[in-house]
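Trainee: Here it is: the structure, laid out below.
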Amino acid sequence: ALHQHQRMESGYAWETLEEPYDLPDLLKRLSGEKAVLVDCLTLWLSNALLAVEGFENRQELVESEITRLEDSVRSFQGTLILVTNEVGDGIVPEYALGRLYRDLAGRMNALIARQSEQVFLVTVGIPIELKSREYRL
């Protein structure tokens with residue numbers, strides 16, 4: 001509530017939407033908007049992974065959702081800013097679910113970065129440009 005109040009006080013008006021599961025479809029519906037900020041992809045990935053907990057093919061199901069996300073990012077018309085977390089720089093998770101999450105997040109981040117014009121790594125508030133608009137893979 002405080003965050004929403006501060007945004008309103010800043011003079012900027014925007015709509016906040018929450019979509020914990022079907023982010024690819026939401027991005028398709030919002031395509032053409034002037035600007036969309038998604039915060040954050042790793043939370044969406046966590047929701048996608050936990051939604052298929054207990055399924056034998058959960059990795060394939062989540063990878064399919066990541067592909068849907070990549071497709072919606074590729075086709076998005078307008079400015080799209082995506083926030084994600086780097087989860088592969090730390091220690092190897094002890095549990096299989098943690099390792100699967102880390103691996104899926106790494107693949108997701110790489111696929112989304114491939115579709116992006118610019119990519120920044122922000123550590124302790126310092127942005128480091130990893131991919132510029134001039135250099136596209």
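By order of appearance in the structure tokens: chains A, B, ..., then residues from 1 within every chain, and ligands from 1 in the order shown.
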Contacts of stretch 101-113 of chain A at 10 Å or less, counting only C-alpha atoms, minus same-chain residues fewer than 6 places along, as a ChimeraX atom specification?
Mentor: /A:41-43,45-46,49-50,59,62-63,65-67,69-71,73-74,82-90,92-93,119-120,130-131,136-137
Trainee: Print the selection's residues with C-alpha atoms to a file, as a short mmCIF file (atom, residue, chain, number, x, y, z; two decimals), in the first residue's frame.
Mentor:
data_model
loop_
_atom_site.label_atom_id
_atom_site.label_comp_id
_atom_site.auth_asym_id
_atom_site.auth_seq_id
_atom_site.Cartn_x
_atom_site.Cartn_y
_atom_site.Cartn_z
CA LEU A 41 10.17 -13.25 -14.02
CA THR A 42 11.73 -15.47 -11.38
CA LEU A 43 8.66 -15.13 -9.17
CA LEU A 45 8.83 -19.08 -12.77
CA SER A 46 8.51 -20.16 -9.15
CA LEU A 49 7.08 -24.68 -11.16
CA LEU A 50 5.02 -25.05 -7.99
CA GLN A 59 10.31 -29.82 -16.18
CA VAL A 62 7.57 -25.43 -17.22
CA GLU A 63 9.89 -25.35 -20.22
CA GLU A 65 5.60 -22.13 -20.37
CA ILE A 66 9.04 -20.52 -20.75
CA THR A 67 8.76 -20.99 -24.52
CA LEU A 69 6.87 -16.46 -22.49
CA GLU A 70 9.71 -16.13 -24.99
CA ASP A 71 7.20 -16.03 -27.86
CA VAL A 73 8.27 -11.25 -25.48
CA ARG A 74 9.42 -11.63 -29.09
CA LEU A 82 11.52 -7.34 -17.59
CA VAL A 83 13.04 -7.78 -14.14
CA THR A 84 14.53 -11.12 -13.17
CA ASN A 85 16.95 -12.48 -10.61
CA GLU A 86 20.27 -14.17 -11.19
CA VAL A 87 20.04 -17.36 -9.16
CA GLY A 88 22.97 -19.29 -10.62
CA ASP A 89 25.84 -17.33 -9.08
CA GLY A 90 25.51 -18.86 -5.63
CA VAL A 92 24.48 -25.38 -5.75
CA PRO A 93 21.12 -25.96 -4.05
CA VAL A 119 20.29 -6.36 -20.87
CA PHE A 120 21.63 -5.02 -17.58
CA LEU A 130 25.61 -6.83 -20.72
CA LYS A 131 23.96 -6.26 -24.09
CA ARG A 136 22.12 -7.97 -31.10
CA LEU A 137 22.73 -11.74 -31.19
#
Trainee: From the DSSP assignment of the backbone, select every residue of stretch 11-98 of chain A that is alpha helix (DSSP H), and format the answer as a ChimeraX atom specification.
Mentor: /A:23-30,41-51,58-75,96-98
Trainee: Export, as a compact mmCIF listing (two decimals), in the first residue's frame, the selected residues with N, CA, C and O atoms.
Mentor:
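Heads up, here's the output in result-v7.txt:
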# COMPACT_ATOMS: atom_id res chain seq x y z
N LEU A 23 1.43 -15.23 -17.45
CA LEU A 23 2.13 -14.04 -17.91
C LEU A 23 2.24 -13.99 -19.43
O LEU A 23 2.06 -12.91 -20.01
N PRO A 24 2.53 -15.10 -20.12
CA PRO A 24 2.59 -15.00 -21.58
C PRO A 24 1.32 -14.45 -22.21
O PRO A 24 1.37 -13.60 -23.11
N ASP A 25 0.16 -14.91 -21.74
CA ASP A 25 -1.11 -14.42 -22.28
C ASP A 25 -1.32 -12.95 -21.93
O ASP A 25 -1.78 -12.17 -22.77
N LEU A 26 -0.99 -12.55 -20.72
CA LEU A 26 -1.13 -11.15 -20.33
C LEU A 26 -0.28 -10.25 -21.22
O LEU A 26 -0.73 -9.20 -21.67
N LEU A 27 0.95 -10.66 -21.50
CA LEU A 27 1.81 -9.85 -22.37
C LEU A 27 1.24 -9.75 -23.78
O LEU A 27 1.33 -8.69 -24.41
N LYS A 28 0.64 -10.81 -24.26
CA LYS A 28 0.00 -10.74 -25.58
C LYS A 28 -1.15 -9.75 -25.57
O LYS A 28 -1.34 -8.99 -26.51
N ARG A 29 -1.93 -9.75 -24.50
CA ARG A 29 -3.05 -8.81 -24.40
C ARG A 29 -2.58 -7.37 -24.26
O ARG A 29 -3.24 -6.45 -24.73
N LEU A 30 -1.43 -7.16 -23.60
CA LEU A 30 -0.93 -5.81 -23.38
C LEU A 30 -0.05 -5.30 -24.52
O LEU A 30 0.34 -4.13 -24.51
N LEU A 41 10.26 -11.99 -13.30
CA LEU A 41 10.17 -13.25 -14.02
C LEU A 41 10.47 -14.45 -13.14
O LEU A 41 9.87 -15.51 -13.31
N THR A 42 11.39 -14.32 -12.21
CA THR A 42 11.73 -15.47 -11.38
C THR A 42 10.60 -15.81 -10.40
O THR A 42 10.42 -16.98 -10.06
N LEU A 43 9.83 -14.83 -9.99
CA LEU A 43 8.66 -15.13 -9.17
C LEU A 43 7.62 -15.87 -10.01
O LEU A 43 7.02 -16.85 -9.56
N TRP A 44 7.41 -15.41 -11.25
CA TRP A 44 6.50 -16.11 -12.15
C TRP A 44 6.97 -17.55 -12.37
O TRP A 44 6.17 -18.49 -12.34
N LEU A 45 8.28 -17.74 -12.57
CA LEU A 45 8.83 -19.08 -12.77
C LEU A 45 8.58 -19.96 -11.55
O LEU A 45 8.21 -21.13 -11.68
N SER A 46 8.77 -19.42 -10.38
CA SER A 46 8.51 -20.16 -9.15
C SER A 46 7.05 -20.61 -9.09
O SER A 46 6.75 -21.76 -8.77
N ASN A 47 6.13 -19.70 -9.44
CA ASN A 47 4.71 -20.05 -9.46
C ASN A 47 4.43 -21.15 -10.48
O ASN A 47 3.67 -22.08 -10.20
N ALA A 48 5.04 -21.04 -11.66
CA ALA A 48 4.84 -22.04 -12.71
C ALA A 48 5.35 -23.41 -12.25
O ALA A 48 4.70 -24.43 -12.48
N LEU A 49 6.49 -23.42 -11.62
CA LEU A 49 7.08 -24.68 -11.16
C LEU A 49 6.25 -25.30 -10.04
O LEU A 49 5.99 -26.51 -10.04
N LEU A 50 5.82 -24.51 -9.10
CA LEU A 50 5.02 -25.05 -7.99
C LEU A 50 3.63 -25.47 -8.43
O LEU A 50 3.03 -26.36 -7.83
N ALA A 51 3.11 -24.88 -9.51
CA ALA A 51 1.79 -25.25 -10.01
C ALA A 51 1.76 -26.66 -10.56
O ALA A 51 0.70 -27.28 -10.62
N ARG A 58 7.12 -32.35 -14.95
CA ARG A 58 7.04 -30.94 -14.56
C ARG A 58 8.08 -30.08 -15.26
O ARG A 58 7.81 -28.95 -15.63
N GLN A 59 9.29 -30.61 -15.48
CA GLN A 59 10.31 -29.82 -16.18
C GLN A 59 9.83 -29.47 -17.59
O GLN A 59 9.94 -28.32 -18.01
N GLU A 60 9.29 -30.43 -18.30
CA GLU A 60 8.81 -30.19 -19.65
C GLU A 60 7.64 -29.20 -19.66
O GLU A 60 7.54 -28.35 -20.55
N LEU A 61 6.76 -29.32 -18.67
CA LEU A 61 5.62 -28.40 -18.59
C LEU A 61 6.09 -26.96 -18.37
O LEU A 61 5.59 -26.04 -19.01
N VAL A 62 7.07 -26.78 -17.49
CA VAL A 62 7.57 -25.43 -17.22
C VAL A 62 8.37 -24.92 -18.41
O VAL A 62 8.26 -23.74 -18.78
N GLU A 63 9.15 -25.78 -19.03
CA GLU A 63 9.89 -25.35 -20.22
C GLU A 63 8.93 -24.90 -21.33
O GLU A 63 9.22 -23.94 -22.05
N SER A 64 7.79 -25.55 -21.43
CA SER A 64 6.77 -25.14 -22.40
C SER A 64 6.25 -23.74 -22.07
O SER A 64 6.04 -22.91 -22.97
N GLU A 65 6.05 -23.46 -20.78
CA GLU A 65 5.60 -22.13 -20.37
C GLU A 65 6.68 -21.08 -20.66
O GLU A 65 6.37 -19.95 -21.05
N ILE A 66 7.94 -21.45 -20.45
CA ILE A 66 9.04 -20.52 -20.75
C ILE A 66 9.06 -20.21 -22.24
O ILE A 66 9.28 -19.06 -22.65
N THR A 67 8.82 -21.21 -23.07
CA THR A 67 8.76 -20.99 -24.52
C THR A 67 7.61 -20.06 -24.88
O THR A 67 7.76 -19.17 -25.72
N ARG A 68 6.47 -20.25 -24.23
CA ARG A 68 5.33 -19.33 -24.44
C ARG A 68 5.70 -17.91 -24.04
O ARG A 68 5.35 -16.95 -24.74
N LEU A 69 6.43 -17.78 -22.92
CA LEU A 69 6.87 -16.46 -22.49
C LEU A 69 7.81 -15.85 -23.52
O LEU A 69 7.66 -14.68 -23.89
N GLU A 70 8.77 -16.62 -23.98
CA GLU A 70 9.71 -16.13 -24.99
C GLU A 70 8.96 -15.65 -26.23
O GLU A 70 9.28 -14.59 -26.79
N ASP A 71 7.98 -16.41 -26.68
CA ASP A 71 7.20 -16.03 -27.86
C ASP A 71 6.45 -14.72 -27.63
O ASP A 71 6.41 -13.85 -28.52
N SER A 72 5.88 -14.55 -26.45
CA SER A 72 5.14 -13.32 -26.18
C SER A 72 6.07 -12.12 -26.05
O SER A 72 5.72 -11.01 -26.45
N VAL A 73 7.27 -12.33 -25.54
CA VAL A 73 8.27 -11.25 -25.48
C VAL A 73 8.71 -10.88 -26.89
O VAL A 73 8.81 -9.70 -27.24
N ARG A 74 8.97 -11.88 -27.72
CA ARG A 74 9.42 -11.63 -29.09
C ARG A 74 8.39 -10.83 -29.88
O ARG A 74 8.74 -9.93 -30.64
N SER A 75 7.12 -11.12 -29.69
CA SER A 75 6.08 -10.47 -30.49
C SER A 75 5.53 -9.19 -29.84
O SER A 75 4.69 -8.51 -30.44
N ALA A 96 16.74 -31.22 -5.03
CA ALA A 96 16.50 -31.35 -6.47
C ALA A 96 15.61 -30.22 -7.00
O ALA A 96 15.85 -29.69 -8.08
N LEU A 97 14.57 -29.85 -6.24
CA LEU A 97 13.68 -28.78 -6.69
C LEU A 97 14.44 -27.47 -6.83
O LEU A 97 14.25 -26.73 -7.80
N GLY A 98 15.32 -27.18 -5.90
CA GLY A 98 16.14 -25.96 -5.97
C GLY A 98 17.07 -25.97 -7.18
O GLY A 98 17.25 -24.94 -7.85
Trainee: Determine which residues of stretch 23-94 of chain A DSSP labels as strand (DSSP E or B) from the backbone of this structure, then write them out as a list in words.
Mentor: Ala35, Val36, Leu37, Val38, Asp39, Thr79, Leu80, Ile81, Leu82 and Val83 of chain A
Trainee: Interatomic distance between atom CA of A:Pro127 and atom CA of A:Gln115?
Mentor: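 About the pair atom CA of A:Pro127 and atom CA of A:Gln115: they are 19.4 Å apart.
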Trainee: Can you work out the spacing between atom CA of A:Tyr95 and atom CA of A:Asp39 in Å, to one decimal?
Mentor: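 Going from atom CA of A:Tyr95 over to atom CA of A:Asp39 covers 25.9 Å.
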Trainee: If you measure from atom CA of A:Leu17 to atom CA of A:Gln77, what distance in Å do you get, rounded to one decimal?
Mentor: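 Interatomic distance here is 18.2 Å.
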Trainee: Which residue gives the smallest distance to A:Gln118 among A:Val38, A:Met8, A:Ala1, A:Leu80, with only C-alpha atoms counted?
Mentor: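 Nearest candidate to A:Gln118 out of A:Val38, A:Met8, A:Ala1, A:Leu80: A:Leu80.
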